[in-house]
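Asks: Input structure: work03.cif, which contains mmCIF, C-alpha atoms.
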```
data_data
#
loop_
_atom_site.label_atom_id
_atom_site.label_comp_id
_atom_site.auth_asym_id
_atom_site.auth_seq_id
_atom_site.Cartn_x
_atom_site.Cartn_y
_atom_site.Cartn_z
CA MET X 1 148.55 154.88 69.57
CA ALA X 2 147.14 155.30 72.99
CA GLY X 3 150.51 155.22 74.66
CA ALA X 4 154.15 154.65 73.88
CA VAL X 5 154.36 151.43 75.83
CA ALA X 6 153.47 148.75 73.30
CA VAL X 7 157.15 147.87 72.90
CA SER X 8 159.44 147.55 75.90
CA ILE X 9 162.57 149.65 75.82
CA GLY X 10 165.97 148.10 76.28
CA LYS X 11 168.89 146.83 74.27
CA PRO X 12 168.12 145.58 70.77
CA GLY X 13 167.39 141.87 70.75
CA LYS X 14 166.81 141.71 74.52
CA ARG X 15 165.10 138.48 75.57
CA TYR X 16 163.12 138.29 78.77
CA ASN X 17 162.20 135.13 80.65
CA ALA X 18 158.84 135.13 78.88
CA LYS X 19 157.09 131.85 78.13
CA MET X 20 154.38 131.32 75.53
CA THR X 21 151.81 130.06 78.01
CA ALA X 22 148.29 128.81 77.34
CA TYR X 23 147.02 131.92 79.10
CA VAL X 24 148.88 134.17 76.65
CA TRP X 25 147.38 132.24 73.76
CA PHE X 26 143.95 132.71 75.29
CA LEU X 27 144.42 136.46 75.74
CA CYS X 28 145.83 136.92 72.24
CA LEU X 29 142.86 135.04 70.82
CA ILE X 30 140.55 137.40 72.70
CA GLY X 31 142.54 140.38 71.44
CA GLY X 32 142.59 139.01 67.92
CA SER X 33 138.84 138.40 67.97
CA GLY X 34 138.39 142.14 67.55
CA GLY X 35 139.28 141.48 63.91
CA LEU X 36 136.00 139.56 63.58
CA LEU X 37 134.12 142.86 63.61
CA LEU X 38 136.02 144.28 60.67
CA GLY X 39 136.21 140.96 58.82
CA TYR X 40 132.56 139.98 59.14
CA ASP X 41 131.35 143.36 57.97
CA ASN X 42 133.81 143.47 55.08
CA GLY X 43 132.63 140.06 53.95
CA VAL X 44 128.89 140.34 54.53
CA ILE X 45 128.10 143.70 52.95
CA GLY X 46 129.10 142.76 49.41
CA GLY X 47 126.95 139.63 49.48
CA VAL X 48 123.95 141.39 50.99
CA THR X 49 124.01 144.24 48.48
CA SER X 50 123.92 141.66 45.67
CA MET X 51 120.85 139.87 47.07
CA ALA X 52 117.72 140.48 45.02
CA ALA X 53 115.40 140.86 48.04
CA PHE X 54 117.67 143.53 49.57
CA GLN X 55 117.91 145.41 46.29
CA TYR X 56 114.14 145.21 45.73
CA LYS X 57 113.38 146.71 49.15
CA PHE X 58 115.94 149.50 49.28
CA PHE X 59 117.48 150.04 45.82
CA ARG X 60 114.86 149.39 43.16
CA THR X 61 116.89 150.86 40.31
CA VAL X 62 119.71 148.42 41.01
CA TYR X 63 117.20 145.57 41.20
CA ASP X 64 115.64 146.56 37.89
CA ALA X 65 119.05 146.76 36.24
CA LYS X 66 120.20 143.33 37.43
CA GLU X 67 117.01 141.28 37.60
CA LEU X 68 114.87 142.80 34.86
CA GLY X 69 117.60 143.77 32.44
CA ASP X 70 116.61 147.42 32.51
CA TYR X 71 119.91 149.21 32.13
CA HIS X 72 118.29 152.61 31.59
CA ALA X 73 117.81 151.79 27.91
CA ASN X 74 121.57 151.45 27.51
CA PRO X 75 122.23 149.70 24.17
CA ASN X 76 125.79 148.78 25.20
CA PRO X 77 125.64 145.57 27.27
CA VAL X 78 129.27 145.90 28.41
CA LYS X 79 128.73 149.38 29.79
CA ALA X 80 125.39 148.27 31.24
CA ALA X 81 127.09 145.48 33.22
CA TYR X 82 129.61 147.93 34.65
CA CYS X 83 126.98 150.53 35.57
CA SER X 84 124.18 148.43 37.06
CA TYR X 85 125.44 149.01 40.62
CA ASN X 86 126.04 152.73 40.07
CA ASN X 87 123.90 154.03 42.93
CA GLN X 88 125.23 156.76 45.20
CA VAL X 89 122.86 155.97 48.07
CA LEU X 90 124.02 152.36 48.03
CA GLN X 91 127.61 153.58 48.24
CA LEU X 92 126.65 155.81 51.17
CA VAL X 93 125.25 152.80 53.04
CA VAL X 94 128.47 150.86 52.44
CA SER X 95 130.90 153.70 53.20
CA SER X 96 129.13 155.17 56.26
CA LEU X 97 130.72 152.50 58.46
CA TYR X 98 134.23 153.59 57.50
CA ILE X 99 133.51 157.26 58.08
CA SER X 100 132.40 156.56 61.66
CA ALA X 101 135.29 154.11 62.14
CA LEU X 102 137.73 156.87 61.18
CA PHE X 103 136.50 159.21 63.91
CA SER X 104 135.97 156.53 66.56
CA GLY X 105 139.55 155.35 66.03
CA ILE X 106 140.80 158.82 66.89
CA ILE X 107 138.61 158.96 70.01
CA ALA X 108 139.69 155.45 71.02
CA SER X 109 143.27 156.61 71.42
CA LYS X 110 142.29 159.05 74.16
CA PHE X 111 139.97 156.64 75.98
CA ALA X 112 142.44 153.75 75.84
CA ARG X 113 145.08 155.94 77.41
CA LEU X 114 142.82 157.21 80.20
CA TYR X 115 140.76 154.12 81.00
CA GLY X 116 142.67 151.18 79.54
CA ARG X 117 142.21 148.73 76.70
CA LYS X 118 139.60 146.52 78.43
CA PRO X 119 136.68 149.00 78.65
CA VAL X 120 137.24 150.17 75.07
CA ASN X 121 136.87 146.56 73.93
CA ILE X 122 133.62 146.16 75.88
CA VAL X 123 132.15 149.35 74.41
CA ALA X 124 133.17 148.27 70.88
CA GLY X 125 131.32 144.97 71.24
CA ALA X 126 128.22 146.75 72.57
CA PHE X 127 128.13 149.17 69.63
CA PHE X 128 128.44 146.30 67.18
CA ILE X 129 125.58 144.36 68.79
CA VAL X 130 123.24 147.36 68.69
CA GLY X 131 124.22 148.19 65.11
CA ALA X 132 123.57 144.62 64.00
CA ALA X 133 120.11 144.68 65.61
CA ILE X 134 119.19 147.91 63.80
CA LEU X 135 120.37 146.53 60.46
CA ALA X 136 118.45 143.29 60.90
CA GLY X 137 115.24 145.24 61.55
CA ALA X 138 115.84 147.99 58.97
CA VAL X 139 112.77 149.26 57.11
CA ASP X 140 114.38 152.16 55.26
CA VAL X 141 117.74 153.45 54.09
CA ALA X 142 118.10 155.74 57.11
CA MET X 143 118.09 152.72 59.45
CA LEU X 144 120.72 151.05 57.26
CA VAL X 145 122.97 154.11 57.54
CA VAL X 146 122.49 154.43 61.32
CA GLY X 147 123.17 150.73 61.83
CA ARG X 148 126.30 150.92 59.69
CA ILE X 149 127.53 153.98 61.60
CA LEU X 150 127.19 152.12 64.91
CA LEU X 151 129.06 149.14 63.46
CA GLY X 152 131.75 151.57 62.37
CA VAL X 153 132.21 152.85 65.91
CA GLY X 154 132.87 149.28 67.06
CA VAL X 155 135.26 148.63 64.18
CA GLY X 156 137.21 151.83 64.81
CA LEU X 157 137.60 151.15 68.54
CA CYS X 158 138.73 147.54 68.07
CA SER X 159 141.03 148.25 65.14
CA LEU X 160 143.08 150.65 67.22
CA VAL X 161 143.07 148.96 70.61
CA MET X 162 143.21 145.21 70.03
CA PRO X 163 146.39 144.94 67.92
CA MET X 164 148.06 147.06 70.60
CA TYR X 165 146.71 144.80 73.35
CA ASN X 166 148.16 141.71 71.68
CA ALA X 167 151.52 143.43 71.27
CA GLU X 168 151.52 144.31 74.97
CA VAL X 169 150.70 140.87 76.37
CA ALA X 170 152.66 138.67 73.91
CA PRO X 171 156.28 137.65 74.67
CA PRO X 172 158.50 140.17 72.88
CA HIS X 173 160.18 137.56 70.65
CA LEU X 174 156.76 136.33 69.42
CA ARG X 175 155.05 139.68 69.24
CA GLY X 176 154.84 139.71 65.45
CA GLY X 177 152.94 136.45 65.13
CA MET X 178 150.59 137.22 68.02
CA ASN X 179 149.83 140.65 66.62
CA ILE X 180 148.93 139.09 63.27
CA LEU X 181 146.20 137.08 65.00
CA PHE X 182 144.09 140.23 64.64
CA GLN X 183 144.45 140.06 60.86
CA TRP X 184 143.77 136.31 60.92
CA PHE X 185 140.47 136.96 62.66
CA VAL X 186 139.70 139.59 60.02
CA THR X 187 140.12 136.93 57.34
CA PHE X 188 138.16 134.37 59.38
CA GLY X 189 135.32 136.88 59.74
CA ILE X 190 135.34 137.41 55.97
CA LEU X 191 135.16 133.66 55.39
CA CYS X 192 132.30 133.24 57.87
CA ALA X 193 130.42 136.09 56.21
CA GLY X 194 130.89 134.46 52.81
CA LEU X 195 129.49 131.15 54.05
CA ILE X 196 126.55 132.90 55.72
CA ASN X 197 125.81 134.93 52.58
CA TYR X 198 125.85 131.73 50.54
CA GLY X 199 123.36 130.07 52.90
CA CYS X 200 121.14 133.14 53.30
CA ASP X 201 120.88 133.52 49.55
CA PHE X 202 118.52 130.53 49.57
CA ILE X 203 116.13 132.41 51.91
CA ASP X 204 114.13 134.56 49.53
CA VAL X 205 112.62 137.38 51.57
CA TRP X 206 114.51 137.78 54.83
CA GLY X 207 117.87 136.15 54.14
CA TRP X 208 119.58 139.53 54.04
CA ARG X 209 118.18 140.35 57.48
CA LEU X 210 119.67 137.17 58.92
CA ALA X 211 123.07 137.86 57.32
CA LEU X 212 123.21 141.39 58.74
CA GLY X 213 121.77 140.40 62.12
CA LEU X 214 124.33 137.65 62.66
CA ALA X 215 126.93 140.42 63.00
CA ALA X 216 125.75 140.47 66.61
CA ILE X 217 127.64 137.20 67.19
CA PRO X 218 131.17 138.63 66.66
CA GLY X 219 130.00 141.67 68.61
CA ALA X 220 129.00 139.42 71.51
CA ILE X 221 132.34 137.58 71.34
CA VAL X 222 134.24 140.85 71.60
CA PHE X 223 131.96 142.12 74.38
CA LEU X 224 132.30 138.95 76.48
CA GLY X 225 136.03 138.78 75.75
CA GLY X 226 136.38 142.29 77.08
CA LEU X 227 134.69 141.26 80.32
CA ILE X 228 137.02 138.26 80.75
CA MET X 229 140.41 139.61 79.75
CA PRO X 230 142.65 141.45 82.24
CA GLU X 231 144.01 144.88 81.54
CA SER X 232 147.43 144.79 79.91
CA PRO X 233 150.47 145.36 82.18
CA SER X 234 151.54 148.31 80.05
CA SER X 235 148.19 150.06 80.47
CA LEU X 236 148.10 149.35 84.22
CA ILE X 237 151.56 150.82 84.73
CA GLU X 238 150.74 153.77 82.49
CA ARG X 239 147.80 154.58 84.80
CA GLY X 240 149.73 153.99 88.04
CA HIS X 241 148.51 150.49 89.03
CA PHE X 242 151.95 148.99 89.62
CA GLU X 243 151.04 146.05 91.86
CA LYS X 244 148.21 144.94 89.61
CA ALA X 245 150.61 145.14 86.67
CA ARG X 246 153.13 142.91 88.46
CA VAL X 247 150.46 140.28 89.20
CA VAL X 248 149.14 140.28 85.63
CA LEU X 249 152.61 140.19 84.05
CA ALA X 250 153.67 137.26 86.26
CA LYS X 251 150.53 135.36 85.30
CA ILE X 252 150.83 135.88 81.55
CA ARG X 253 154.59 135.16 81.54
CA GLY X 254 154.22 131.99 83.62
CA THR X 255 157.08 132.99 85.93
CA ASN X 256 157.88 135.34 88.78
CA ASP X 257 161.16 136.32 87.08
CA ILE X 258 159.67 139.46 85.57
CA ASP X 259 161.64 142.25 87.25
CA GLU X 260 163.70 143.21 84.20
CA GLU X 261 160.75 143.33 81.82
CA LEU X 262 158.61 145.12 84.40
CA ALA X 263 161.33 147.73 84.87
CA ASP X 264 161.54 148.34 81.12
CA ILE X 265 157.75 148.67 80.81
CA THR X 266 157.71 151.05 83.77
CA GLU X 267 160.41 153.22 82.21
CA ALA X 268 158.55 153.28 78.90
CA ALA X 269 155.36 154.30 80.72
CA ARG X 270 157.23 157.03 82.57
CA ILE X 271 158.49 158.47 79.31
CA SER X 272 155.03 158.19 77.80
CA ASN X 273 153.39 159.98 80.71
CA LEU X 274 155.81 162.88 80.39
CA ALA X 275 153.80 163.84 77.31
CA PRO X 276 150.42 165.20 78.52
CA HIS X 277 149.19 165.54 74.93
CA PRO X 278 150.65 162.60 72.98
CA MET X 279 148.61 163.27 69.86
CA ARG X 280 150.21 166.70 69.55
CA ASN X 281 153.65 165.20 70.01
CA LEU X 282 153.15 163.07 66.90
CA PHE X 283 153.57 166.20 64.82
CA LYS X 284 156.85 167.24 66.40
CA PRO X 285 159.94 166.92 64.16
CA GLN X 286 161.51 164.06 66.16
CA TYR X 287 158.44 161.86 65.66
CA ARG X 288 157.80 162.61 62.00
CA PRO X 289 159.63 159.51 60.72
CA GLN X 290 157.47 157.19 62.85
CA LEU X 291 154.29 159.08 61.96
CA THR X 292 155.13 159.10 58.26
CA ILE X 293 155.95 155.39 58.15
CA SER X 294 152.79 154.45 60.05
CA LEU X 295 150.57 156.55 57.78
CA LEU X 296 152.22 155.26 54.62
CA PHE X 297 151.89 151.65 55.74
CA MET X 298 148.16 151.93 56.30
CA MET X 299 147.70 154.01 53.15
CA PHE X 300 149.61 151.56 50.96
CA GLN X 301 147.73 148.66 52.53
CA GLN X 302 144.49 150.18 51.24
CA PHE X 303 146.01 151.21 47.91
CA THR X 304 146.61 147.55 47.08
CA GLY X 305 142.93 147.45 46.14
CA ILE X 306 142.06 144.77 48.66
CA ASN X 307 138.81 146.42 49.74
CA ALA X 308 137.45 146.48 46.20
CA ILE X 309 137.90 142.71 46.07
CA ILE X 310 136.61 141.91 49.57
CA PHE X 311 133.61 144.25 49.43
CA TYR X 312 132.49 143.62 45.91
CA ALA X 313 133.65 140.10 45.04
CA PRO X 314 130.06 138.85 44.60
CA VAL X 315 129.20 141.93 42.56
CA LEU X 316 132.36 141.53 40.48
CA PHE X 317 131.70 137.91 39.57
CA ASN X 318 128.02 138.63 39.01
CA SER X 319 128.93 141.48 36.66
CA ILE X 320 131.21 139.30 34.52
CA GLY X 321 128.47 136.75 33.96
CA SER X 322 128.60 134.32 36.89
CA GLY X 323 125.27 133.32 38.38
CA HIS X 324 124.37 134.91 41.70
CA THR X 325 124.83 131.72 43.73
CA ALA X 326 128.09 130.92 41.91
CA SER X 327 129.31 134.45 42.68
CA LEU X 328 128.73 133.93 46.40
CA LEU X 329 130.47 130.54 46.23
CA ASN X 330 133.49 132.16 44.55
CA THR X 331 133.59 134.59 47.46
CA VAL X 332 133.78 131.68 49.89
CA ILE X 333 136.74 130.27 47.95
CA ILE X 334 138.50 133.65 48.14
CA GLY X 335 137.80 133.82 51.87
CA ALA X 336 139.29 130.37 52.46
CA VAL X 337 142.47 131.32 50.59
CA ASN X 338 142.65 134.49 52.68
CA VAL X 339 142.48 132.57 55.96
CA LEU X 340 145.06 129.95 54.98
CA ALA X 341 147.55 132.45 53.56
CA THR X 342 147.40 134.56 56.73
CA VAL X 343 148.55 131.52 58.71
CA VAL X 344 151.74 131.63 56.64
CA ALA X 345 152.42 135.14 57.92
CA ILE X 346 151.85 134.09 61.54
CA VAL X 347 154.37 131.26 61.17
CA VAL X 348 157.17 133.04 59.29
CA VAL X 349 156.97 136.75 60.12
CA ASP X 350 159.32 136.52 63.11
CA ARG X 351 161.73 134.30 61.15
CA LEU X 352 161.91 135.93 57.71
CA GLY X 353 161.23 139.48 58.86
CA ARG X 354 158.76 142.10 57.70
CA LYS X 355 160.65 143.54 54.74
CA PHE X 356 161.02 140.28 52.80
CA LEU X 357 157.31 139.49 53.10
CA LEU X 358 156.29 143.01 52.05
CA ILE X 359 158.41 142.94 48.89
CA ALA X 360 157.50 139.38 47.85
CA GLY X 361 153.82 139.97 48.54
CA VAL X 362 153.57 143.14 46.47
CA VAL X 363 155.29 141.46 43.49
CA GLN X 364 152.77 138.63 43.67
CA MET X 365 149.84 141.07 43.86
CA VAL X 366 151.02 143.22 40.96
CA ILE X 367 151.42 140.23 38.64
CA ALA X 368 147.96 138.92 39.54
CA GLU X 369 146.32 142.33 39.02
CA ILE X 370 147.95 142.79 35.63
CA VAL X 371 146.70 139.40 34.45
CA VAL X 372 143.16 140.11 35.67
CA GLY X 373 143.18 143.53 34.04
CA ILE X 374 144.33 142.17 30.66
CA THR X 375 141.79 139.33 30.82
CA LEU X 376 138.87 141.63 31.55
CA LYS X 377 140.06 144.17 29.00
CA TYR X 378 139.78 141.74 26.10
CA GLU X 379 137.55 138.87 27.21
CA PHE X 380 134.87 141.03 28.84
CA VAL X 381 134.38 143.03 25.66
CA LYS X 382 134.63 139.94 23.48
CA TYR X 383 131.80 138.16 25.29
CA ALA X 384 129.71 141.31 25.93
CA GLY X 385 129.96 141.15 29.73
CA ALA X 386 129.23 137.43 30.18
CA LEU X 387 132.48 135.45 30.41
CA PRO X 388 132.41 131.70 29.70
CA ASN X 389 133.69 129.22 32.27
CA GLY X 390 137.34 129.21 31.15
CA PRO X 391 138.08 132.94 31.53
CA SER X 392 135.88 133.15 34.64
CA ILE X 393 137.91 130.41 36.34
CA GLY X 394 141.11 132.15 35.26
CA VAL X 395 139.93 135.40 36.86
CA LEU X 396 139.03 133.53 40.06
CA VAL X 397 142.49 131.89 40.21
CA CYS X 398 144.26 135.21 39.68
CA ILE X 399 142.18 136.91 42.35
CA CYS X 400 143.05 134.07 44.74
CA VAL X 401 146.74 134.61 43.95
CA PHE X 402 146.27 138.32 44.66
CA ILE X 403 144.46 137.58 47.93
CA ALA X 404 147.19 135.14 49.03
CA GLY X 405 149.90 137.72 48.32
CA PHE X 406 148.07 140.32 50.37
CA ALA X 407 147.22 137.91 53.21
CA TRP X 408 150.80 137.00 54.06
CA SER X 409 152.32 140.44 53.49
CA TRP X 410 150.61 143.83 53.45
CA GLY X 411 147.46 142.57 55.16
CA PRO X 412 148.92 141.52 58.52
CA ILE X 413 152.12 143.59 58.44
CA GLY X 414 150.11 146.73 57.74
CA TRP X 415 148.72 146.34 61.27
CA LEU X 416 151.91 144.96 62.80
CA TYR X 417 154.52 147.49 61.71
CA PRO X 418 152.83 150.67 63.06
CA THR X 419 152.05 148.88 66.34
#
```
Please express the file's structure as structure tokens.
Replies:
Amino acid sequence: MAGAVAVSIGKPGKRYNAKMTAYVWFLCLIGGSGGLLLGYDNGVIGGVTSMAAFQYKFFRTVYDAKELGDYHANPNPVKAAYCSYNNQVLQLVVSSLYISALFSGIIASKFARLYGRKPVNIVAGAFFIVGAAILAGAVDVAMLVVGRILLGVGVGLCSLVMPMYNAEVAPPHLRGGMNILFQWFVTFGILCAGLINYGCDFIDVWGWRLALGLAAIPGAIVFLGGLIMPESPSSLIERGHFEKARVVLAKIRGTNDIDEELADITEAARISNLAPHPMRNLFKPQYRPQLTISLLFMMFQQFTGINAIIFYAPVLFNSIGSGHTASLLNTVIIGAVNVLATVVAIVVVDRLGRKFLLIAGVVQMVIAEIVVGITLKYEFVKYAGALPNGPSIGVLVCICVFIAGFAWSWGPIGWLYPT
């Protein structure tokens, strides 16, 4: 993280005179809106890559395989259905965002520490707007990759800074729920992308351009939010702006009785500033437990397989025999379940605790994945890659169960716990 001030130091269970004011809600919504960047892109790219007009313009072999039935003269229809999207350039377009997000996240740590959370948020929104414009006007694969890389810069910056911002401005006893707002906006962005993909699918030639270009809207929200929001008290103190920090903290807490909390934040900032190179300190023996836990949390969050579902849900349902429009509609259903289940985490995470949700969620996900795997193992082969309605609905229900388990456990807590 950019600094060791996201959590105030003090006695365990300390409660400050911190109210949950309307202004705090507003700021946490702005901070959470950074999740729109990640969510919208996660949701939109799978739908766009399954659109015939997009495939015809950029990936003709994929188009031929899906629309014309040319599976490279493959006599096995089951294998053909699995392999129709096997295009390395297409995977480069999809994955280029996450490569740039990886490096921008590392850079964001340094900039957030030196200049604060606010400017990083503004820059992230600007990158996303420019990337969306390039994607909407793309005429070749190179423009797709460049646009995706710019989107990735915005995603990487927001993914590091905004969960930390919410943790810094929220009342300590409600920090878990407010931090999860970032994940809720991720799911909301996925749902919005699913709805937009469904509508754009009815626009034959340029629907994919509209779907990709509309990414500028969440980018604009983040950009404007960055202009409006104040710097967090922790960041202000960390950079020596003590009076500004006092004014901001009093405003967000809704009281002038802030001396104790301000003193704790100041002490945490003092300790943080004693380390001129905080990234190097992460590798010192005394910090290895925190570093290991944070890395494992994010790694296990991805190892659940959530990205395969979110990215390729339309492709998955299309591959098992659902019509293209029905596949996009199924994605909308999954997105709605994702949004609603994340609300559960916001409500109960500070009551039931992180550990209970993590264990219960992973049990739910494992059961759902096993059922889907068994169903596809036997039914997919039985019906030669085109499942009838019954098994298709069963797969959709199981995937929704999987999504719900992730959305109220490893999804939001994966961001919360390291913060």
Asks: Quick one: distance from atom CA of X:Asp140 to atom CA of X:Leu328 in Å, one decimal?
Replies: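 About the pair atom CA of X:Asp140 and atom CA of X:Leu328: they are 24.8 Å apart.
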Asks: Expanded to explicit residues, what is the PyMOL selection byres ((chain X and resi 151) around 8) for this file, as a short mmCIF file (atom, residue, chain, number, x, y, z; two decimals) with C-alpha atoms, in the coordinates of the input?
Replies:
```
data_model
loop_
_atom_site.label_atom_id
_atom_site.label_comp_id
_atom_site.auth_asym_id
_atom_site.auth_seq_id
_atom_site.Cartn_x
_atom_site.Cartn_y
_atom_site.Cartn_z
CA LEU X 97 130.72 152.50 58.46
CA PHE X 127 128.13 149.17 69.63
CA PHE X 128 128.44 146.30 67.18
CA ILE X 129 125.58 144.36 68.79
CA GLY X 131 124.22 148.19 65.11
CA ALA X 132 123.57 144.62 64.00
CA GLY X 147 123.17 150.73 61.83
CA ARG X 148 126.30 150.92 59.69
CA ILE X 149 127.53 153.98 61.60
CA LEU X 150 127.19 152.12 64.91
CA GLY X 152 131.75 151.57 62.37
CA VAL X 153 132.21 152.85 65.91
CA GLY X 154 132.87 149.28 67.06
CA VAL X 155 135.26 148.63 64.18
#
```
Asks: Can you spell out as a list in words the set of residues that the PyMOL selection byres ((chain X and resi 359-366) around 10) selects in the structure I just provided?
Replies: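 Checking the PyMOL selection byres ((chain X and resi 359-366) around 10) against this file, the residues are Thr304, Gly305, Ile306, Arg354, Lys355, Phe356, Leu357, Leu358, Ile367, Ala368, Glu369, Ile370, Val371, Val372, Cys398, Ile399, Cys400, Val401, Phe402, Ile403, Ala404, Gly405, Phe406, Ala407, Trp408, Ser409, Trp410 and Gly411 of chain X.
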Asks: Suppose we keep C-alpha atoms; can you now write the selection as an mmCIF file, keeping the file's coordinate frame?
Replies:
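Listed below is the output, result_0.cif:
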```cif
data_model
loop_
_atom_site.group_PDB
_atom_site.id
_atom_site.type_symbol
_atom_site.label_atom_id
_atom_site.label_comp_id
_atom_site.auth_asym_id
_atom_site.auth_seq_id
_atom_site.Cartn_x
_atom_site.Cartn_y
_atom_site.Cartn_z
ATOM 1 C CA THR X 304 146.610 147.550 47.080
ATOM 2 C CA GLY X 305 142.930 147.450 46.140
ATOM 3 C CA ILE X 306 142.060 144.770 48.660
ATOM 4 C CA ARG X 354 158.760 142.100 57.700
ATOM 5 C CA LYS X 355 160.650 143.540 54.740
ATOM 6 C CA PHE X 356 161.020 140.280 52.800
ATOM 7 C CA LEU X 357 157.310 139.490 53.100
ATOM 8 C CA LEU X 358 156.290 143.010 52.050
ATOM 9 C CA ILE X 367 151.420 140.230 38.640
ATOM 10 C CA ALA X 368 147.960 138.920 39.540
ATOM 11 C CA GLU X 369 146.320 142.330 39.020
ATOM 12 C CA ILE X 370 147.950 142.790 35.630
ATOM 13 C CA VAL X 371 146.700 139.400 34.450
ATOM 14 C CA VAL X 372 143.160 140.110 35.670
ATOM 15 C CA CYS X 398 144.260 135.210 39.680
ATOM 16 C CA ILE X 399 142.180 136.910 42.350
ATOM 17 C CA CYS X 400 143.050 134.070 44.740
ATOM 18 C CA VAL X 401 146.740 134.610 43.950
ATOM 19 C CA PHE X 402 146.270 138.320 44.660
ATOM 20 C CA ILE X 403 144.460 137.580 47.930
ATOM 21 C CA ALA X 404 147.190 135.140 49.030
ATOM 22 C CA GLY X 405 149.900 137.720 48.320
ATOM 23 C CA PHE X 406 148.070 140.320 50.370
ATOM 24 C CA ALA X 407 147.220 137.910 53.210
ATOM 25 C CA TRP X 408 150.800 137.000 54.060
ATOM 26 C CA SER X 409 152.320 140.440 53.490
ATOM 27 C CA TRP X 410 150.610 143.830 53.450
ATOM 28 C CA GLY X 411 147.460 142.570 55.160
#
```
Asks: One decimal, in Å: what's the spacing between atom CA of X:His173 and atom CA of X:Asp350?
Replies: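 Computing it gives 7.7 Å between the two atoms.
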Asks: Let me make sure I understand: among X:Leu249, X:Asn256, X:Gly414, X:Ala124, which one has the smallest atom-to-atom distance to X:Leu295 if we use all atoms listed in the file?
Replies: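 Residue with the minimum atom-to-atom distance to X:Leu295: X:Gly414.
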Asks: Please identify all polymer residues lying at most 12 Å from the point (115.2, 148.8, 48.0) (file coordinates), using only C-alpha atoms, and present the result as a list in words.
Replies: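 Output: Val48, Thr49, Ser50, Met51, Ala52, Ala53, Phe54, Gln55, Tyr56, Lys57, Phe58, Phe59, Arg60, Thr61, Val62, Tyr63, Asp64, Asn87, Val89, Leu90, Val93, Ala138, Val139, Asp140, Val141, Ala142, Leu144 and Trp208 of chain X.
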Asks: Find, counting only C-alpha atoms, the residue in X:Trp415, X:Pro230, X:Gly240, X:Val205 that gets nearest to X:Gln302.
Replies: X:Trp415
Asks: As a check of understanding, name the residues that the PyMOL selection byres ((chain X and resi 157) around 10) selects in the supplied structure, as number ranges by chain.
Replies: X: 34, 101-109, 111-112, 117, 120-125, 127, 152-156, 158-162
Asks: When you look at X:Ser234 with a cut-off of 12 Å (counting only C-alpha atoms), what residues show up, excluding the ones that are within fewer than 5 positions of it in the same chain? I need them as a count of residues only.
Replies: 40
Asks: Atom CA of X:Trp184 and atom CA of X:Asn42, how far apart in Å?
Replies: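 Separation between atom CA of X:Asn42 and atom CA of X:Trp184: 13.6 Å.
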Asks: Name the closest residue to X:Ile310 among the candidates X:Leu212, X:Phe223, X:Met178, X:Asn330; distances are taken between atoms, counting all atoms listed in the file.
Replies: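 Smallest distance to X:Ile310 is found for X:Asn330.
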Asks: With only C-alpha atoms as the atoms that count, which of X:Val347, X:Val395, X:Leu291, X:Leu191 lies nearest to X:Leu329?
Replies: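 Of X:Val347, X:Val395, X:Leu291, X:Leu191, the one nearest X:Leu329, counting only C-alpha atoms, is X:Leu191.
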Asks: Determine, counting all atoms listed in the file, which protein, DNA and RNA residues have an atom within 8 Å of an atom of X:Ile252; residues of the same chain fewer than 5 positions away are not included. Present the result as an NGL selection string.
Replies: :X and (21 or 23-24 or 169)
Asks: Step by step: start from the point (135.3, 138.5, 55.1) in the file's coordinates, keep every protein, DNA or RNA residue that has an atom no farther than 6 Å from it, count only C-alpha atoms, and write the set as a PyMOL selection string.
Replies: chain X and resi 39-40+42-43+187+189-191+193
Asks: Extract, using only C-alpha atoms, all DNA, RNA and protein residues at most 8 Å from X:Leu92, discarding same-chain residues fewer than 4 positions from it, and format them as a list in words.
Replies: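 That gives Gln88, Ser96 and Val145 of chain X.
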Asks: Out of X:Leu352, X:Lys118, X:Ile45, X:Phe185, which residue has the shortest atom-to-atom distance to X:Pro233 when counting only C-alpha atoms?
Replies: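 Looking only at the distances to X:Pro233, the closest residue turns out to be X:Lys118.
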Asks: Using only C-alpha atoms, which residue out of X:Ile413, X:Ala336, X:Val247, X:Leu224 lies closest to X:Phe300?
Replies: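 Answer, going by the shortest atom-to-atom distance: X:Ile413.
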